[in-house]
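See structure below.
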Amino acid sequence: MTAESSILIAIILPLFAVPMLVMSSSRPNQRERITLVTAAVTFFVIGSLFDDVASGARPTLTLGELLPSLSITFTLEPLGMLFAGIASSLWIVTTIYAIGYMRGHHEQNQTRFFVCFAIAISSAIGIAFSGNLLTFFIFYEVLTLSTFPLVTHSGTESAKRAGRVYLGILIGTSIVFLLTAIVWTYNVTNTLDFTEGGIFGENVSVGVMATLLPLYIFGIGKAAVMPFHRWLPAAMVAPTPVSALLHAVAVVKAGVFGVLKVTIYIFGIDNLVALGSSAWIQYLAAATILVASLVALSRDNLKARLAYSTVSQLSYIVLASLLGSALGTLGGAMHIAMHAFGKITLFFCAGAIMVASHKTEISQMRGLGRKMPITFFCFLIGSLSIIGLPPFGGVWSKWYLLLGAADINEVIFILILMISSLLNVAYLIPIVIRGFYNENLEIDQEYPSKTHYTENRRLLDPGDAVANNVWRVRGFHEAPATCIGALSFTALGCVVLFFYADTLFRFLHPIVSGGAP
Amino acid sequence: MSLETEFYFPSLGLYWIIIVLMMIGFYIVIAHGNLVKKIVGLNVFQVSVFLLFITMGKVLGGTAPILKEGVSTYSNPLPHVLILTAIVVGVATTALGLALVVRVREAFGTVEEDDICALENDA
Amino acid sequence: MIAQHLPILQVVLPLLAAPICMFIRHPRVVWMWAFVTAWLCLPMSVGLLLKVLEQGTIVYNLGGWAAPWGIEYRIDILNSFVLIIVSMIGAIVLPFARRSVEREIPQKRIYLFYTMLLLCLAGLLGMTITGDAFNLFVFLEISSLSTYVLISFGKDRRALTAAYRYLIVGTIGATFYIIGVGLLYMATGSLNIADLAVLIPNIGGNRTVQSGMAFLIIGLALKAALFPMHMWLPNAYTYAPSVVSIFLSATATKVAVYAFIRVVFSIFGDVNILEILPVRNMLMVLAIAAMVIGSAAALYQTDVRRLFAYSSIAQIGYIILGISFDSVTGVTAGVVHLFNHALMKGGLFMVLGLLAYQIGSTKIQDIAGLGERMPLTMAALVIGGLGLIGMPLTAGFISKWYLIQAAIDIGLWPIAFIIVLSSILTVVYVWRIVEVIYFHRPVNPINDIDRAPISMVAPMWILIGATIFFGINTNATLEIAGAAAKALLAGGV
């Protein structure tokens with residue numbers, strides 16, 4: 001099997017599952033087996049390409065021209081490889097998780113769910129492998145459309161409203177800004193290929209480039225740079241596996257991946273520095289980091305808090321890609337992986353909590369950690385990785401990001417990254433603390449501390465809408481085993497990434513240095 | 001002095017007549033609420049165009065375009081031919097329009113546009 | 001022998017077949033007759049296109065009278081392409097028509113319906129193929145008169161008033177056109193389009209020629225429903241029988257736009273009329289107004305048919321906008337969209353025809369919640385809608401891409417922005433339907449949805465499939481449209 005055919009197989013394979021899924025709609029077990037097998041094979045196919053890319057090969061597959069001299073082209077390079085690898089590996093994990101979640105939560109229309117999921121993954125891999133902007137744009141739109149039914153899965157009024165925001169912002173920005181930018185780029189350069197060092201030659205004026213940059217950054221609405229971030233919190237009405245894989249990994253990472261691709265392979269990182277507009281977009285990204293963190297702090301709904309946290313973390317990567325420093329860019333690229341594992345763990349935990357205890361608000365989660373220790377422990381690991389503490393993966397990407405900021409002597413960005421880390425602590429750690437300690441004084445007085453260890457005592461939370469939900473302090477009540485397995489796995493991933501960050505760094509290095517490492 | 005030159009209008013004046021006719025017809029079409037009258041207006045409008053074509057066929061001093069000895073100047077026959085076609089089209093349009101008015105009358109019970117609009121909005 | 005006379009056969013066949021329907025009278029047999037006729041027209045158009053691609057422009061003198069005295073049929077890449085559009089839609093609509101017409105039109109009038117449909121087809125083909133400005137008028141009236149009758153077949157009594165209003169407006173448009181032809185004839189003494197193209201530059205900025213052009217443009221703009229001369233269109237499409245809406249939306253306005261292109265680029269090509277008079281700017285403004293106002297009006301419709309009728313007005317704006325750019329890319333965009341829009345709108349109106357057949361209504365409230373009960377048909381509706389938005393991998397994307405490129409090419413990037421902004425309006429009105437289909441509960445649940453006959457479903461999927469096919473395989477359409485645009489801008493015929 002050549003690398004070229006593997007590319008095609010990796011993209012098409014998830015689509016092949018679709019008719020089979022539809023046919024087996026009345027048999028859930030078979031449906032899930034199909035998804036799992038497909039996910040595993042897809043991951044295997046993508047994995048088989050790693051060595052090629054690591055050794056410096058850049059296999060290219062052209063599928064024919066869509067427009068004259070503009071073809072649908074796939075090219076493998078480290079960044080895309082990383083994104084595809086993450087998306088496909090986490091697809092397996094998420095599928096396992098979803099089996100437990102969707103059944104535990106008695107969701108309707110599960111076939112539609114798995115079908116759209118497969119299409120979304122296929123388009124995410126298409127984005128990862130895209131060799132030019134046209135291909136990127138096509139799969140970008142397919143991803144938006146295929147995730148719309150997932151966001152509006154429940155079909156309720158609020159889901160419909162969220163779907164409107166989701167589609168409005170993502171399609172709106174992509175058509176108004178991104179499409180214009182792509183056509184314009186094609187107009188001045190006559191090519192849309194992702195090329196090392198960028199495609200803008202001498203003859204393209206700085207003014208045009210400076211105008212194009214914001215068009216790209218805002219056009220790729222999936223990167224959720226403020227003010228086009230509203231879709232991400234809105235998308236949280238979706239079932240948690242969707243939020244976890246798509247809105248913490250595939251969709252949002254497709255956005256920042258696109259931004260990185262554009263800055264590295266369309267503009268070229270060296271050219272960015274000269275553009276006046278890159279400075280104010282940097283500040284905008286920096287502002288997004290802070291503002292989104294502050295908003296996250298004010299959200300009581302766990303998924304909403306995580307969503308704003310994602311908005312904030314995405315802007316790390318956007319900022320990194322705009323710094324114009326090789327180390328910073330690498331840090332941003334690594335953050336795709338680090339944040340993916342950290343955030344998916346957190347979402348898995350949020351979903352597990354929802355399935356097990358039907359709680360969605362943080363204020364309801366007092367003492368819940370004792371009942372769901374594994375979930376809350378993994379939540380802690382995920383949080384620490386997001387915050388950027390060793391021994392978890394998140395530390396490395398932040399490290400290189402700081403180095404990048406120092407590289408270009410931007411003290412203000414270093415400062416912002418520091419503050420943001422503190423804010424991360426402020427909005428993530430209290431959840432865990434609240435989970436493990438019962439900090440509510442009223443309850444503490446009512447039930448002296450030793451009662452926590454007596455069996456069959458009822459702990460009534462006065463603020464809890466479902467206060468009559470009785471649970472045993474000692475009897476654990478965790479989510480289904482598949483959920484726990486999945487979230488433990490990704491939590492473990494955060495740790496593993498810490499130790500293998502160097503491998504990742506070396507693998508990604510060619511994107512800024514060109515050629516093989 | 002042949003008949004044609006005697007009755008020859010100064011061309012600009014003729015055009016004014018055509019324009020006036022055209023505008024009268026156009027005005028009736030736009031302003032009248034009665035569906036039959038609209039069609040009358042449409043006819044006036046079309047006839048003015050027929051006249052326009054016929055006037056342009058006239059060649060000063062030319063006779064009717066029938067081959068005849070001793071005559072060297074003929075009027076241009078082509079516009080007449082064109083207008084024959086256009087008249088046929090016009091008749092067909094009028095017939096169809098009137099047929100539609102009959103059907104409208106059957107369906108709405110009136111041929112006044114205002115009444116019809118009111119009935120349409122009710123439905 | 002036949003190959004040599006193809007140009008005239010293309011028109012004469014449906015023209016003669018039409019009155020024969022009057023003698024057959026039996027509904028099924030008449031349908032069969034019309035079906036065979038339409039399917040014979042298609043290979044003829046294909047043959048003509050292939051011949052044009054192979055050996056260049058075909059000139060055919062009617063009755064052996066040489067132009068400019070005789071009537072000449074002149075087929076180049078552009079009109080052979082439009083011929084394909086018309087005859088293809090005709091061929092695809094007829095299988096769809098049988099069941100739909102049986103349901104919507106009284107048994108004893110069916111033969112009249114097919115007579116008119118064939119006449120309309122003949123008129124549109126004739127308009128496209130002819131190289132004579134007056135002959136074009138004749139075919140214009142043949143197609144228009146039959147269209148008025150076709151619209152009046154609608155079940156709703158408002159179909160009658162819609163037909164009547166269209167008759168008034170259409171006749172004014174045709175009369176304007178004939179005034180324009182007359183004025184040009186006054187100035188040049190010729191009616192042949194190719195000949196006019198040669199003669200007019202010699203006259204230069206003659207007032208007669210200029211006012212002639214103004215009349216021609218206004219007249220054809222009325223037929224093409226270019227904003228603000230579009231008022232006849234929404235009612236006509238809404239109340240006409242389903243088959244008529246499909247056929248008209250996909251062909252009639254397209255042919256009018258084709259004639260428009262002929263006037264602007266062929267007759268006045270060498271004098272570059274778009275620059276002498278502010279025609280270019282005027283067209284641009286009107287096209288943009290059509291795009292924005294048409295789409296905005298579509299937002300407020302309660303009937304899906306009417307919604308798509310307003311959408312047609314907007315889409316015609318796109319075509320005219322491309323033409324008004326007066327550049328190869330721009331005209332290519334216009335011509336490609338001519339074709340792509342015919343596919344998309346034809347397909348969408350077929351979906352609506354199917355709805356009218358199955359549930360007897362196309363009102364937005366009546367399609368609520370149909371996503372579950374008619375999943376495939378509704379999927380077709382969504383695909384067609386995505387095509388209108390211009391999603392990649394649909395035909396609409398290709399046209400939009402070219403249109404934006406053309407706008408940026410000539411430095412009019414604010415217009416590029418307006419194009420994409422109007423796409424957003426399209427997203428809104430398409431998504432309004434999507435939401436109703438998939439999220440709303442039906443207001444009056446319909447218990448019995450009639451089975452959709454395969455003869456209606458298959459044509460619908462052919463057109464919807466074609467919007468995807470021509471969104472992916474774009475070589476043929478772009479090549480033809482590009483060649484047509486180049487030929488048009490090179491001036492002359």
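In the structure tokens, chains take the letters A, B, ... in the order shown, each chain's residues start at 1, and ligands count up from 1 in the order shown.
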Requested in this report: Select all residues from chain C having any atom no more than 9 Å from an atom of chain A (counting only C-alpha atoms, ignoring ligands), output as a ChimeraX atom specification.
Outcome: /C:390-393,398,401-402,404-405,408-409,413,416-421,423-424,427-428,431,435,438-440,471-475,478-479
Output the contact residues of chain C with respect to chain B at a cut-off of 10 Å, based on only C-alpha atoms, as a short mmCIF file (atom, residue, chain, number, x, y, z; two decimals) with N, CA, C and O atoms, in the first residue's frame.
```
data_model
loop_
_atom_site.label_atom_id
_atom_site.label_comp_id
_atom_site.auth_asym_id
_atom_site.auth_seq_id
_atom_site.Cartn_x
_atom_site.Cartn_y
_atom_site.Cartn_z
N TRP C 69 -30.38 39.14 -45.89
CA TRP C 69 -31.79 39.25 -46.31
C TRP C 69 -32.62 38.11 -45.74
O TRP C 69 -33.69 38.32 -45.24
N PHE C 134 -35.24 40.00 -35.53
CA PHE C 134 -36.70 39.99 -35.58
C PHE C 134 -37.25 38.59 -35.35
O PHE C 134 -38.26 38.40 -34.68
N ASN C 135 -36.53 37.61 -35.92
CA ASN C 135 -36.93 36.23 -35.69
C ASN C 135 -36.92 35.92 -34.20
O ASN C 135 -37.78 35.20 -33.69
N PHE C 137 -37.68 37.96 -31.92
CA PHE C 137 -38.93 38.50 -31.37
C PHE C 137 -40.08 37.51 -31.57
O PHE C 137 -40.88 37.27 -30.66
N VAL C 138 -40.13 36.93 -32.75
CA VAL C 138 -41.22 36.00 -33.04
C VAL C 138 -41.18 34.82 -32.08
O VAL C 138 -42.18 34.43 -31.48
N GLU C 141 -42.21 35.71 -28.63
CA GLU C 141 -43.66 35.77 -28.43
C GLU C 141 -44.27 34.38 -28.42
O GLU C 141 -45.21 34.12 -27.67
N ILE C 142 -43.72 33.48 -29.23
CA ILE C 142 -44.25 32.10 -29.21
C ILE C 142 -44.06 31.52 -27.81
O ILE C 142 -44.99 30.96 -27.21
N SER C 144 -43.56 33.18 -25.04
CA SER C 144 -44.28 33.93 -24.02
C SER C 144 -45.75 33.58 -24.01
O SER C 144 -46.34 33.29 -22.97
N LEU C 145 -46.36 33.59 -25.21
CA LEU C 145 -47.80 33.31 -25.25
C LEU C 145 -48.10 31.93 -24.68
O LEU C 145 -49.04 31.76 -23.91
N SER C 146 -47.26 30.96 -25.04
CA SER C 146 -47.53 29.63 -24.50
C SER C 146 -47.29 29.61 -22.99
O SER C 146 -47.99 28.92 -22.25
N TYR C 148 -47.91 32.10 -20.91
CA TYR C 148 -49.09 32.67 -20.23
C TYR C 148 -50.15 31.59 -20.07
O TYR C 148 -50.77 31.45 -19.02
N VAL C 149 -50.35 30.82 -21.15
CA VAL C 149 -51.37 29.77 -21.07
C VAL C 149 -50.97 28.73 -20.03
O VAL C 149 -51.79 28.31 -19.20
N SER C 152 -51.67 29.83 -16.61
CA SER C 152 -53.09 29.90 -16.27
C SER C 152 -53.69 28.52 -16.01
O SER C 152 -54.80 28.40 -15.54
N ASP C 156 -55.01 27.12 -8.51
CA ASP C 156 -55.44 28.29 -7.76
C ASP C 156 -55.95 29.35 -8.73
O ASP C 156 -55.40 29.52 -9.81
N ARG C 157 -57.02 30.05 -8.34
CA ARG C 157 -57.53 31.06 -9.27
C ARG C 157 -56.55 32.22 -9.43
O ARG C 157 -56.61 32.96 -10.38
N ARG C 158 -55.65 32.34 -8.47
CA ARG C 158 -54.66 33.41 -8.61
C ARG C 158 -53.70 33.14 -9.77
O ARG C 158 -53.00 34.02 -10.23
N ALA C 159 -53.67 31.89 -10.23
CA ALA C 159 -52.87 31.59 -11.42
C ALA C 159 -53.35 32.42 -12.59
O ALA C 159 -52.55 32.88 -13.42
N LEU C 160 -54.68 32.66 -12.65
CA LEU C 160 -55.22 33.44 -13.77
C LEU C 160 -54.70 34.87 -13.73
O LEU C 160 -54.25 35.40 -14.74
N THR C 161 -54.78 35.47 -12.55
CA THR C 161 -54.32 36.86 -12.48
C THR C 161 -52.81 36.92 -12.68
O THR C 161 -52.30 37.86 -13.29
N ALA C 163 -51.09 34.96 -14.59
CA ALA C 163 -50.87 34.84 -16.03
C ALA C 163 -51.22 36.16 -16.72
O ALA C 163 -50.50 36.63 -17.60
N TYR C 164 -52.31 36.76 -16.29
CA TYR C 164 -52.74 38.02 -16.91
C TYR C 164 -51.67 39.10 -16.72
O TYR C 164 -51.28 39.79 -17.64
N ARG C 165 -51.19 39.20 -15.48
CA ARG C 165 -50.18 40.24 -15.21
C ARG C 165 -48.91 39.97 -16.00
O ARG C 165 -48.27 40.89 -16.52
N LEU C 167 -48.80 38.48 -18.75
CA LEU C 167 -49.10 38.81 -20.14
C LEU C 167 -48.90 40.30 -20.41
O LEU C 167 -48.27 40.69 -21.39
N ILE C 168 -49.42 41.12 -19.52
CA ILE C 168 -49.27 42.57 -19.72
C ILE C 168 -47.79 42.95 -19.71
O ILE C 168 -47.28 43.59 -20.64
N VAL C 169 -47.10 42.53 -18.67
CA VAL C 169 -45.69 42.92 -18.53
C VAL C 169 -44.87 42.31 -19.67
O VAL C 169 -44.03 42.99 -20.28
N THR C 171 -45.82 41.43 -22.63
CA THR C 171 -46.08 42.07 -23.91
C THR C 171 -45.38 43.42 -23.99
O THR C 171 -44.83 43.78 -25.03
N ILE C 172 -45.42 44.14 -22.88
CA ILE C 172 -44.69 45.42 -22.88
C ILE C 172 -43.21 45.16 -23.15
O ILE C 172 -42.57 45.84 -23.96
N ALA C 174 -41.81 42.63 -24.70
CA ALA C 174 -41.58 42.22 -26.08
C ALA C 174 -41.73 43.42 -27.01
O ALA C 174 -40.99 43.57 -27.99
N THR C 175 -42.69 44.30 -26.69
CA THR C 175 -42.88 45.47 -27.54
C THR C 175 -41.68 46.40 -27.44
O THR C 175 -41.22 46.95 -28.45
N PHE C 176 -41.17 46.55 -26.24
CA PHE C 176 -39.94 47.35 -26.09
C PHE C 176 -38.83 46.76 -26.95
O PHE C 176 -38.10 47.47 -27.64
N ILE C 178 -39.11 45.04 -29.63
CA ILE C 178 -39.34 45.25 -31.06
C ILE C 178 -39.10 46.72 -31.42
O ILE C 178 -38.64 47.03 -32.51
N ILE C 179 -39.39 47.64 -30.48
CA ILE C 179 -39.06 49.05 -30.75
C ILE C 179 -37.55 49.16 -30.95
O ILE C 179 -37.07 49.81 -31.88
N VAL C 181 -35.45 46.88 -31.89
CA VAL C 181 -35.06 46.30 -33.18
C VAL C 181 -35.37 47.28 -34.30
O VAL C 181 -34.56 47.49 -35.22
N GLY C 182 -36.56 47.92 -34.21
CA GLY C 182 -36.95 48.88 -35.22
C GLY C 182 -35.96 50.03 -35.32
O GLY C 182 -35.54 50.42 -36.42
N LEU C 183 -35.56 50.55 -34.18
CA LEU C 183 -34.64 51.69 -34.20
C LEU C 183 -33.30 51.28 -34.80
O LEU C 183 -32.69 52.03 -35.57
N TYR C 185 -32.90 48.95 -36.94
CA TYR C 185 -33.13 48.75 -38.37
C TYR C 185 -33.12 50.09 -39.09
O TYR C 185 -32.59 50.22 -40.19
N MET C 186 -33.72 51.08 -38.46
CA MET C 186 -33.72 52.43 -39.03
C MET C 186 -32.30 52.91 -39.29
O MET C 186 -32.00 53.50 -40.33
N ALA C 187 -31.43 52.63 -38.32
CA ALA C 187 -30.09 53.19 -38.42
C ALA C 187 -29.21 52.37 -39.35
O ALA C 187 -28.30 52.90 -39.98
N GLY C 189 -30.45 49.36 -41.36
CA GLY C 189 -31.06 48.63 -42.46
C GLY C 189 -30.85 47.14 -42.39
O GLY C 189 -30.96 46.45 -43.40
#
```
Query raised in the report: Using the chain letters and numbers from this document, which residues of stretch 2-121 of chain B does DSSP assign to strand (DSSP E or B), as a VMD selection string?
Result: chain B and resid 34 63 74 112
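Here atom CA of A:Glu478 and atom CA of A:Ala352 stand 7.4 Å from one another.
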**Report entry** Near-C:Ile24 list (12 Å; only C-alpha atoms; drop same-chain fewer than 3 positions) as a PyMOL selection string
**Finding:** chain C and resi 17-21+27-34+108+110-112+114-115
Got time to write the residues from that selection, N, CA, C and O atoms, as a short mmCIF file (atom, residue, chain, number, x, y, z; two decimals), in the first residue's frame?
```cif
data_model
loop_
_atom_site.label_atom_id
_atom_site.label_comp_id
_atom_site.auth_asym_id
_atom_site.auth_seq_id
_atom_site.Cartn_x
_atom_site.Cartn_y
_atom_site.Cartn_z
N ALA C 17 -44.65 19.37 -33.76
CA ALA C 17 -45.21 18.35 -32.88
C ALA C 17 -46.34 18.92 -32.04
O ALA C 17 -47.29 18.22 -31.69
N ALA C 18 -46.23 20.23 -31.72
CA ALA C 18 -47.21 20.85 -30.82
C ALA C 18 -48.63 20.76 -31.36
O ALA C 18 -49.52 20.22 -30.68
N PRO C 19 -48.91 21.24 -32.58
CA PRO C 19 -50.30 21.17 -33.04
C PRO C 19 -50.80 19.74 -33.19
O PRO C 19 -52.00 19.49 -33.05
N ILE C 20 -49.87 18.80 -33.44
CA ILE C 20 -50.32 17.42 -33.60
C ILE C 20 -50.96 16.91 -32.31
O ILE C 20 -51.90 16.13 -32.33
N CYS C 21 -50.45 17.43 -31.19
CA CYS C 21 -51.07 17.07 -29.90
C CYS C 21 -52.56 17.34 -29.90
O CYS C 21 -53.35 16.62 -29.30
N PRO C 27 -54.88 11.75 -23.31
CA PRO C 27 -53.84 12.27 -22.39
C PRO C 27 -52.53 11.47 -22.42
O PRO C 27 -51.46 12.04 -22.57
N ARG C 28 -52.66 10.14 -22.28
CA ARG C 28 -51.45 9.34 -22.21
C ARG C 28 -50.65 9.40 -23.51
O ARG C 28 -49.43 9.56 -23.50
N VAL C 29 -51.37 9.32 -24.61
CA VAL C 29 -50.69 9.31 -25.91
C VAL C 29 -50.04 10.67 -26.16
O VAL C 29 -48.91 10.75 -26.66
N VAL C 30 -50.75 11.72 -25.78
CA VAL C 30 -50.18 13.05 -25.96
C VAL C 30 -48.89 13.17 -25.17
O VAL C 30 -47.88 13.68 -25.66
N TRP C 31 -48.94 12.65 -23.94
CA TRP C 31 -47.74 12.72 -23.12
C TRP C 31 -46.60 11.97 -23.80
O TRP C 31 -45.48 12.45 -23.89
N MET C 32 -46.94 10.78 -24.31
CA MET C 32 -45.94 9.96 -24.98
C MET C 32 -45.33 10.74 -26.15
O MET C 32 -44.11 10.76 -26.35
N TRP C 33 -46.20 11.39 -26.89
CA TRP C 33 -45.78 12.15 -28.06
C TRP C 33 -44.84 13.29 -27.64
O TRP C 33 -43.77 13.47 -28.23
N ALA C 34 -45.24 14.01 -26.62
CA ALA C 34 -44.40 15.12 -26.15
C ALA C 34 -43.08 14.59 -25.61
O ALA C 34 -42.01 15.18 -25.85
N LYS C 108 -59.41 16.48 -19.33
CA LYS C 108 -59.74 16.84 -20.71
C LYS C 108 -58.90 18.02 -21.23
O LYS C 108 -58.99 18.35 -22.39
N ILE C 110 -55.52 18.08 -20.63
CA ILE C 110 -54.11 17.69 -20.61
C ILE C 110 -53.46 17.85 -21.97
O ILE C 110 -52.32 18.30 -22.09
N TYR C 111 -54.21 17.50 -23.02
CA TYR C 111 -53.57 17.60 -24.35
C TYR C 111 -53.21 19.05 -24.67
O TYR C 111 -52.20 19.31 -25.31
N LEU C 112 -54.05 19.98 -24.19
CA LEU C 112 -53.72 21.39 -24.43
C LEU C 112 -52.44 21.77 -23.68
O LEU C 112 -51.61 22.53 -24.19
N TYR C 114 -49.87 19.88 -22.98
CA TYR C 114 -48.65 19.44 -23.67
C TYR C 114 -48.44 20.20 -24.98
O TYR C 114 -47.30 20.44 -25.38
N THR C 115 -49.53 20.60 -25.63
CA THR C 115 -49.37 21.43 -26.81
C THR C 115 -48.59 22.68 -26.47
O THR C 115 -47.63 23.06 -27.16
#
```
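Minimum atom-to-atom distances from B:Ile66, B:Val40, B:Leu60, B:Ile28 to B:Ala95 were compared using only C-alpha atoms, and the lowest value belongs to B:Val40.
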**Report entry** Which of chain B fall in alpha helix (DSSP H), as a PyMOL selection string
**Finding:** chain B and resi 3-6+11-31+35-57+78-108+113-122
Requested in this report: With a distance cut-off of 8 Å and only C-alpha atoms, select the neighbouring residues of C:Gly387, excluding the residue or stretch itself and same-chain residues fewer than 4 positions from it, and output the selection as a list of chain:residue names.
Outcome: C:Met344, C:Ile383, C:Met391, C:Thr394, C:Ala395, C:Gly396, C:Phe397, C:Thr467
Mind dumping the selected residues with C-alpha atoms as a compact mmCIF listing (two decimals), in the first residue's frame?
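Listing of selection37.txt after writing:
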```
# COMPACT_ATOMS: atom_id res chain seq x y z
CA MET C 344 -30.31 23.76 -9.04
CA ILE C 383 -28.68 19.63 -1.26
CA MET C 391 -21.28 25.29 -0.75
CA THR C 394 -22.02 21.80 -5.44
CA ALA C 395 -22.37 23.56 -8.75
CA GLY C 396 -23.20 26.83 -7.01
CA PHE C 397 -19.72 27.01 -5.54
CA THR C 467 -25.74 19.93 -9.15
```
